[in-house]
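Chemist: Got a structure for you, start_31.cif, holding mmCIF, C-alpha atoms and all ligand atoms.
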```
data_input
#
loop_
_atom_site.group_PDB
_atom_site.id
_atom_site.type_symbol
_atom_site.label_atom_id
_atom_site.label_comp_id
_atom_site.auth_asym_id
_atom_site.auth_seq_id
_atom_site.Cartn_x
_atom_site.Cartn_y
_atom_site.Cartn_z
ATOM 1 C CA MET A 22 6.519 -22.789 -16.934
ATOM 2 C CA THR A 23 5.290 -19.301 -16.196
ATOM 3 C CA HIS A 24 4.832 -18.282 -12.589
ATOM 4 C CA PRO A 25 1.166 -18.516 -11.554
ATOM 5 C CA LEU A 26 1.369 -15.210 -9.708
ATOM 6 C CA ARG A 27 0.617 -12.011 -11.503
ATOM 7 C CA ILE A 28 0.743 -8.961 -9.252
ATOM 8 C CA GLY A 29 -0.798 -5.725 -10.484
ATOM 9 C CA VAL A 30 0.405 -2.255 -9.583
ATOM 10 C CA LEU A 31 -2.286 0.404 -9.942
ATOM 11 C CA ALA A 32 -0.674 2.642 -12.556
ATOM 12 C CA LEU A 33 -2.823 5.769 -12.629
ATOM 13 C CA GLN A 34 -0.031 7.837 -11.033
ATOM 14 C CA GLY A 35 2.628 7.544 -8.324
ATOM 15 C CA ALA A 36 5.581 5.249 -7.621
ATOM 16 C CA VAL A 37 4.743 2.270 -9.895
ATOM 17 C CA GLN A 38 8.079 1.227 -11.395
ATOM 18 C CA PRO A 39 10.049 0.555 -8.167
ATOM 19 C CA HIS A 40 7.428 -2.031 -7.110
ATOM 20 C CA ARG A 41 7.680 -3.742 -10.477
ATOM 21 C CA ALA A 42 11.461 -3.830 -10.129
ATOM 22 C CA LYS A 43 11.328 -5.374 -6.618
ATOM 23 C CA LEU A 44 8.876 -8.034 -7.829
ATOM 24 C CA ALA A 45 10.783 -8.701 -11.048
ATOM 25 C CA ALA A 46 13.904 -9.359 -8.943
ATOM 26 C CA LEU A 47 11.876 -12.060 -7.142
ATOM 27 C CA GLY A 48 10.900 -13.574 -10.492
ATOM 28 C CA ILE A 49 7.285 -12.399 -10.168
ATOM 29 C CA GLU A 50 5.428 -10.893 -13.069
ATOM 30 C CA ALA A 51 4.210 -7.426 -12.093
ATOM 31 C CA VAL A 52 1.893 -5.616 -14.462
ATOM 32 C CA PRO A 53 0.614 -2.057 -14.562
ATOM 33 C CA VAL A 54 -3.162 -1.853 -14.012
ATOM 34 C CA ARG A 55 -5.237 0.926 -15.540
ATOM 35 C CA ASP A 56 -8.625 -0.670 -16.140
ATOM 36 C CA ALA A 57 -11.016 -3.305 -14.809
ATOM 37 C CA GLU A 58 -9.920 -5.922 -17.333
ATOM 38 C CA GLU A 59 -6.247 -5.627 -16.369
ATOM 39 C CA LEU A 60 -7.269 -5.745 -12.702
ATOM 40 C CA ALA A 61 -9.299 -8.925 -13.134
ATOM 41 C CA ALA A 62 -6.210 -10.717 -14.493
ATOM 42 C CA CYS A 63 -4.223 -10.130 -11.279
ATOM 43 C CA SER A 64 -3.813 -12.315 -8.220
ATOM 44 C CA GLY A 65 -3.009 -9.334 -5.980
ATOM 45 C CA LEU A 66 -2.802 -5.550 -6.347
ATOM 46 C CA ILE A 67 -0.465 -2.899 -4.989
ATOM 47 C CA ILE A 68 -1.844 0.635 -4.690
ATOM 48 C CA PRO A 69 1.374 2.640 -4.699
ATOM 49 C CA GLY A 70 2.310 5.919 -3.071
ATOM 50 C CA GLY A 71 1.405 9.157 -4.780
ATOM 51 C CA GLU A 72 -1.294 11.648 -3.917
ATOM 52 C CA SER A 73 -4.499 10.151 -2.566
ATOM 53 C CA THR A 74 -6.735 13.020 -3.748
ATOM 54 C CA THR A 75 -5.431 12.594 -7.313
ATOM 55 C CA PHE A 76 -5.902 8.822 -7.046
ATOM 56 C CA LEU A 77 -9.521 9.335 -5.982
ATOM 57 C CA LYS A 78 -10.226 11.446 -9.070
ATOM 58 C CA LEU A 79 -8.457 9.027 -11.408
ATOM 59 C CA ILE A 80 -10.075 5.921 -9.891
ATOM 60 C CA HIS A 81 -13.471 7.431 -10.723
ATOM 61 C CA ALA A 82 -12.359 8.685 -14.146
ATOM 62 C CA TYR A 83 -11.108 5.180 -15.049
ATOM 63 C CA ARG A 84 -14.272 3.579 -13.545
ATOM 64 C CA LEU A 85 -12.251 1.522 -11.116
ATOM 65 C CA TRP A 86 -14.066 2.208 -7.834
ATOM 66 C CA GLN A 87 -16.448 -0.784 -7.852
ATOM 67 C CA PRO A 88 -13.910 -3.133 -9.542
ATOM 68 C CA LEU A 89 -11.422 -2.303 -6.747
ATOM 69 C CA LEU A 90 -14.030 -3.046 -4.060
ATOM 70 C CA ASP A 91 -14.929 -6.330 -5.781
ATOM 71 C CA PHE A 92 -11.245 -7.225 -6.114
ATOM 72 C CA ALA A 93 -10.575 -6.449 -2.421
ATOM 73 C CA ALA A 94 -13.403 -8.762 -1.388
ATOM 74 C CA GLN A 95 -11.531 -11.718 -2.915
ATOM 75 C CA ARG A 96 -7.857 -11.007 -3.397
ATOM 76 C CA PRO A 97 -5.068 -9.257 -1.503
ATOM 77 C CA LEU A 98 -4.527 -5.511 -1.715
ATOM 78 C CA TRP A 99 -1.440 -3.701 -0.465
ATOM 79 C CA GLY A 100 -1.672 0.039 -0.016
ATOM 80 C CA VAL A 101 1.553 2.024 0.285
ATOM 81 C CA CYS A 102 1.392 5.530 1.780
ATOM 82 C CA ALA A 103 -1.317 7.187 -0.385
ATOM 83 C CA GLY A 104 -2.516 3.617 -1.046
ATOM 84 C CA SER A 105 -2.947 3.085 2.705
ATOM 85 C CA ILE A 106 -5.036 6.278 2.828
ATOM 86 C CA LEU A 107 -7.252 4.919 0.047
ATOM 87 C CA MET A 108 -7.686 1.616 1.911
ATOM 88 C CA ALA A 109 -8.360 3.101 5.372
ATOM 89 C CA GLU A 110 -11.842 2.997 6.825
ATOM 90 C CA ARG A 111 -11.523 6.603 8.015
ATOM 91 C CA VAL A 112 -9.358 9.477 6.793
ATOM 92 C CA GLU A 113 -8.592 12.698 8.690
ATOM 93 C CA ASN A 114 -6.896 15.988 7.810
ATOM 94 C CA PRO A 115 -9.153 16.434 5.950
ATOM 95 C CA ALA A 116 -11.781 13.704 5.876
ATOM 96 C CA GLN A 117 -12.051 12.162 2.420
ATOM 97 C CA ALA A 118 -13.636 9.216 0.646
ATOM 98 C CA SER A 119 -11.889 5.854 0.756
ATOM 99 C CA LEU A 120 -12.375 2.234 -0.233
ATOM 100 C CA ALA A 121 -12.651 1.436 3.504
ATOM 101 C CA VAL A 122 -11.253 -2.092 3.213
ATOM 102 C CA MET A 123 -8.824 -1.784 6.159
ATOM 103 C CA PRO A 124 -10.274 -1.011 9.614
ATOM 104 C CA ILE A 125 -7.871 1.796 10.493
ATOM 105 C CA THR A 126 -8.065 5.586 10.846
ATOM 106 C CA VAL A 127 -5.262 7.522 9.171
ATOM 107 C CA ARG A 128 -4.265 11.154 9.391
ATOM 108 C CA ARG A 129 -2.825 12.528 6.157
ATOM 109 C CA ASN A 130 0.494 14.389 6.068
ATOM 110 C CA ALA A 131 0.809 13.863 9.808
ATOM 111 C CA TYR A 132 4.628 14.158 9.892
ATOM 112 C CA GLY A 133 4.593 17.573 8.241
ATOM 113 C CA ARG A 134 5.653 18.889 4.867
ATOM 114 C CA GLN A 135 7.669 17.381 2.039
ATOM 115 C CA ASN A 136 10.983 18.540 3.558
ATOM 116 C CA GLU A 137 10.117 16.627 6.718
ATOM 117 C CA SER A 138 10.221 13.350 4.785
ATOM 118 C CA PHE A 139 12.703 10.892 6.287
ATOM 119 C CA ILE A 140 14.177 7.402 6.307
ATOM 120 C CA ALA A 141 13.838 5.227 9.422
ATOM 121 C CA HIS A 142 14.667 1.692 10.521
ATOM 122 C CA PHE A 143 12.450 -0.482 12.722
ATOM 123 C CA PRO A 144 11.699 -4.166 13.359
ATOM 124 C CA LEU A 145 9.237 -5.835 11.008
ATOM 125 C CA ARG A 146 7.356 -8.818 12.448
ATOM 126 C CA LEU A 147 5.836 -10.886 9.685
ATOM 127 C CA PRO A 148 3.630 -13.793 10.780
ATOM 128 C CA GLY A 149 5.596 -16.952 11.483
ATOM 129 C CA GLN A 150 8.969 -15.306 10.869
ATOM 130 C CA PRO A 151 11.677 -13.918 13.150
ATOM 131 C CA PRO A 152 11.756 -10.088 13.230
ATOM 132 C CA VAL A 153 13.878 -8.428 10.554
ATOM 133 C CA GLU A 154 15.082 -4.851 10.340
ATOM 134 C CA GLN A 155 13.042 -2.906 7.800
ATOM 135 C CA GLU A 156 14.073 0.342 6.167
ATOM 136 C CA GLY A 157 11.198 2.734 5.557
ATOM 137 C CA VAL A 158 11.100 5.831 3.388
ATOM 138 C CA PHE A 159 8.401 8.179 4.722
ATOM 139 C CA ILE A 160 7.304 10.772 2.163
ATOM 140 C CA ARG A 161 4.545 13.080 3.401
ATOM 141 C CA ALA A 162 3.311 9.946 5.107
ATOM 142 C CA PRO A 163 0.076 9.509 7.028
ATOM 143 C CA GLN A 164 -0.037 8.322 10.629
ATOM 144 C CA VAL A 165 -2.294 5.536 11.827
ATOM 145 C CA MET A 166 -4.432 7.051 14.599
ATOM 146 C CA ALA A 167 -6.690 4.089 15.413
ATOM 147 C CA VAL A 168 -6.714 0.374 14.672
ATOM 148 C CA GLY A 169 -9.911 -1.684 14.536
ATOM 149 C CA ALA A 170 -10.657 -5.312 15.350
ATOM 150 C CA GLY A 171 -8.797 -7.965 13.410
ATOM 151 C CA VAL A 172 -5.858 -5.746 12.461
ATOM 152 C CA ARG A 173 -2.373 -7.047 13.172
ATOM 153 C CA VAL A 174 0.433 -4.522 13.646
ATOM 154 C CA LEU A 175 3.538 -5.756 11.792
ATOM 155 C CA ALA A 176 5.785 -2.783 12.526
ATOM 156 C CA GLU A 177 5.795 0.373 14.613
ATOM 157 C CA TYR A 178 7.873 3.495 14.418
ATOM 158 C CA GLY A 179 7.768 6.300 16.987
ATOM 159 C CA GLY A 180 5.130 4.372 18.936
ATOM 160 C CA GLN A 181 2.713 4.234 16.001
ATOM 161 C CA PRO A 182 1.846 1.386 13.643
ATOM 162 C CA VAL A 183 3.472 1.790 10.210
ATOM 163 C CA ALA A 184 2.798 -1.670 8.731
ATOM 164 C CA LEU A 185 -0.499 -3.466 9.295
ATOM 165 C CA ALA A 186 -2.314 -6.529 8.084
ATOM 166 C CA ALA A 187 -5.993 -7.462 8.135
ATOM 167 C CA GLY A 188 -7.190 -10.628 6.458
ATOM 168 C CA ARG A 189 -5.239 -10.783 3.191
ATOM 169 C CA HIS A 190 -4.714 -7.018 3.034
ATOM 170 C CA LEU A 191 -1.609 -5.076 3.881
ATOM 171 C CA THR A 192 -0.945 -1.378 4.443
ATOM 172 C CA THR A 193 2.356 0.418 4.975
ATOM 173 C CA THR A 194 2.558 4.145 5.631
ATOM 174 C CA PHE A 195 6.156 4.145 4.320
ATOM 175 C CA HIS A 196 7.613 3.176 0.938
ATOM 176 C CA PRO A 197 9.443 -0.193 1.094
ATOM 177 C CA GLU A 198 9.866 -0.182 -2.697
ATOM 178 C CA LEU A 199 12.255 2.782 -2.359
ATOM 179 C CA ALA A 200 14.180 1.153 0.497
ATOM 180 C CA ALA A 201 16.630 -1.692 0.949
ATOM 181 C CA GLY A 202 15.295 -5.236 1.304
ATOM 182 C CA ASP A 203 12.379 -7.165 -0.123
ATOM 183 C CA ALA A 204 10.740 -8.799 2.926
ATOM 184 C CA LEU A 205 7.371 -7.098 2.411
ATOM 185 C CA HIS A 206 7.258 -7.838 -1.313
ATOM 186 C CA ARG A 207 8.112 -11.480 -0.575
ATOM 187 C CA HIS A 208 5.376 -11.563 2.051
ATOM 188 C CA PHE A 209 2.723 -9.966 -0.166
ATOM 189 C CA VAL A 210 3.100 -12.493 -2.942
ATOM 190 C CA ILE A 211 2.256 -15.389 -0.600
ATOM 191 C CA LEU A 212 -0.905 -13.766 0.833
HETATM 192 N N1 LIG A 301 0.610 12.891 1.304
HETATM 193 C C1 LIG A 301 0.079 11.984 0.325
HETATM 194 C C2 LIG A 301 -1.449 11.882 0.447
HETATM 195 O O1 LIG A 301 -2.012 12.404 1.344
HETATM 196 C C3 LIG A 301 0.702 10.614 0.431
HETATM 197 C C4 LIG A 301 2.172 10.667 0.096
HETATM 198 C C5 LIG A 301 2.754 9.398 -0.437
HETATM 199 O O2 LIG A 301 2.066 8.517 -0.939
HETATM 200 N N2 LIG A 301 4.071 9.317 -0.399
HETATM 201 O O3 LIG A 301 -2.068 11.267 -0.368
#
```
Could you take the file, read its structure, and then write that structure out as structure tokens?
Modeler:
Amino acid sequence: MTHPLRIGVLALQGAVQPHRAKLAALGIEAVPVRDAEELAACSGLIIPGGESTTFLKLIHAYRLWQPLLDFAAQRPLWGVCAGSILMAERVENPAQASLAVMPITVRRNAYGRQNESFIAHFPLRLPGQPPVEQEGVFIRAPQVMAVGAGVRVLAEYGGQPVALAAGRHLTTTFHPELAAGDALHRHFVIL
């Protein structure tokens, strides 16, 4: 029997393959998504890291803006780094358009330049589970400056939230797909 879950990874640019590998290792079918039809066939969608300004252009070019909003109204979205910027309600440094499906304010490139990218370890508190140590790869990552009502902080680093959940949506400012462990991928597929 095939697994009922089919997780999409938005494949317009960015770090697509490592997510597919993490999910494949869990026995979950993970498919690249480039158009509305492929999106509609998914039970959840990961918006991977990359460059949020490029994503914005490509999302419009591939006519995915409204399909992504419709999808987010019904099924879980997980935004990683640039994906979290696209999901945030408000974006700073500079201000830019976003899907605004996660009530948070993020500041782009808040840790500095590419050579200030780093790996960190911090506790991850998933609902109903004991805390586990999570490894996070931060690559020109944003910082979460404000958190709105209904948002649950799942992990903090340096006093700031780095993994958050609201409803069925998830955002991480770091890249778990490039790090050890699979706790977040396991969690996302049950949302
Ligand atoms: N700095 C990128 C942006 O602003 C995000 C980087 C990433 O996704 N690793 O979109």
Chemist: Taking all atoms listed in the file into account, which residues are within 10 Å of ligand LIG 301 (chain A), as number ranges by chain?
Modeler: A: 35-36, 68-77, 100-107, 112-115, 127-135, 138, 158-163, 194-196
Chemist: How many Å lie between CA of Glu110 in chain A and CA of Arg84 in chain A, rounded to one decimal?
Modeler: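 Interatomic distance here is 20.5 Å.
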Chemist: So what does the PyMOL selection byres (((chain A and resi 26) around 10) and not hetatm) actually pick up in this one, as a PyMOL selection string?
Modeler: chain A and resi 23-25+27-29+48-51+63-65+210-211
Chemist: Please compute the CA of Gln87 in chain A-CA of Ala57 in chain A distance, one decimal, in Å.
Modeler: 9.2 Å
Chemist: Name the residues that the PyMOL selection byres (((chain A and resi 198) around 6) and not hetatm) pulls out of this structure, and write them as a PDB file with C-alpha atoms, in the coordinates of the input.
Modeler:
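As written to disk, selection-v8.pdb reads:
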```
ATOM      1  CA  PRO A  39      10.049   0.555  -8.167  1.00  0.00           C
ATOM      2  CA  HIS A  40       7.428  -2.031  -7.110  1.00  0.00           C
ATOM      3  CA  HIS A 196       7.613   3.176   0.938  1.00  0.00           C
ATOM      4  CA  PRO A 197       9.443  -0.193   1.094  1.00  0.00           C
ATOM      5  CA  LEU A 199      12.255   2.782  -2.359  1.00  0.00           C
ATOM      6  CA  ALA A 200      14.180   1.153   0.497  1.00  0.00           C
TER       7      ALA A 200
END
```
Chemist: Could you state the separation of CA of Leu33 in chain A and CA of Arg55 in chain A in Å, given to one decimal place?
Modeler: 6.1 Å
Chemist: Just say which residues the PyMOL selection byres (((chain A and resi 165-167) around 6) and not hetatm) picks in this file, as a short mmCIF file (atom, residue, chain, number, x, y, z; two decimals) with C-alpha atoms, in the frame of the given file.
Modeler:
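out.cif, freshly written:
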```cif
data_model
loop_
_atom_site.label_atom_id
_atom_site.label_comp_id
_atom_site.auth_asym_id
_atom_site.auth_seq_id
_atom_site.Cartn_x
_atom_site.Cartn_y
_atom_site.Cartn_z
CA ILE A 125 -7.87 1.80 10.49
CA THR A 126 -8.06 5.59 10.85
CA VAL A 127 -5.26 7.52 9.17
CA GLN A 164 -0.04 8.32 10.63
CA VAL A 168 -6.71 0.37 14.67
#
```
Chemist: So, with only C-alpha atoms as the atoms that count, which of A:Gln117, A:Pro97, A:Gly169, A:Ala201 lies closest to Ala141 in chain A?
Modeler: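 With only C-alpha atoms as the atom set, the closest residue is A:Ala201.
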Chemist: Kindly indicate which residue among A:Ala186, A:Leu31, A:Ala116, A:Val172 lies nearest to Leu79 in chain A, using all atoms listed in the file for the distances.
Modeler: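 Ranking A:Ala186, A:Leu31, A:Ala116, A:Val172 by distance to Leu79 in chain A, first place goes to A:Leu31.
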Chemist: So, with all atoms listed in the file as the atoms that count, which of A:Thr193, A:Glu59, A:Ala184, A:His206 lies closest to Phe92 in chain A?
Modeler: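 Using all atoms listed in the file, the shortest distance to Phe92 in chain A belongs to A:Glu59.
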Chemist: Name the closest residue to Thr192 in chain A among the candidates A:Val153, A:Leu85, A:Leu66, A:Ala118; distances are taken between atoms, counting all atoms listed in the file.
Modeler: A:Leu66
Chemist: Residues at most 12 Å from Pro88 in chain A, counting all atoms listed in the file, excluding those fewer than 5 positions away in the same chain, as a list in words?
Modeler: Val54, Arg55, Asp56, Ala57, Glu58, Glu59, Leu60, Ala61, Ala62, Leu66, Ile80, His81, Tyr83, Ala93, Ala94, Gln95, Arg96 and Leu120 of chain A
Chemist: Quick one: 5 Å padding each side, axis-aligned, all listed atoms of range 125-142 of chain A - centre and edge lengths in Å to one decimal, as lines of an AutoDock Vina configuration file?
Modeler:
```
center_x = 3.3
center_y = 10.3
center_z = 6.4
size_x = 32.7
size_y = 27.2
size_z = 18.8
```
Chemist: Given the choices A:Val52, A:Ala109, A:Glu156, A:Phe143, which gets closest to Pro124 in chain A if the distance is worked out from all atoms listed in the file?
Modeler: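 Of all the options, A:Ala109 lies closest to Pro124 in chain A.
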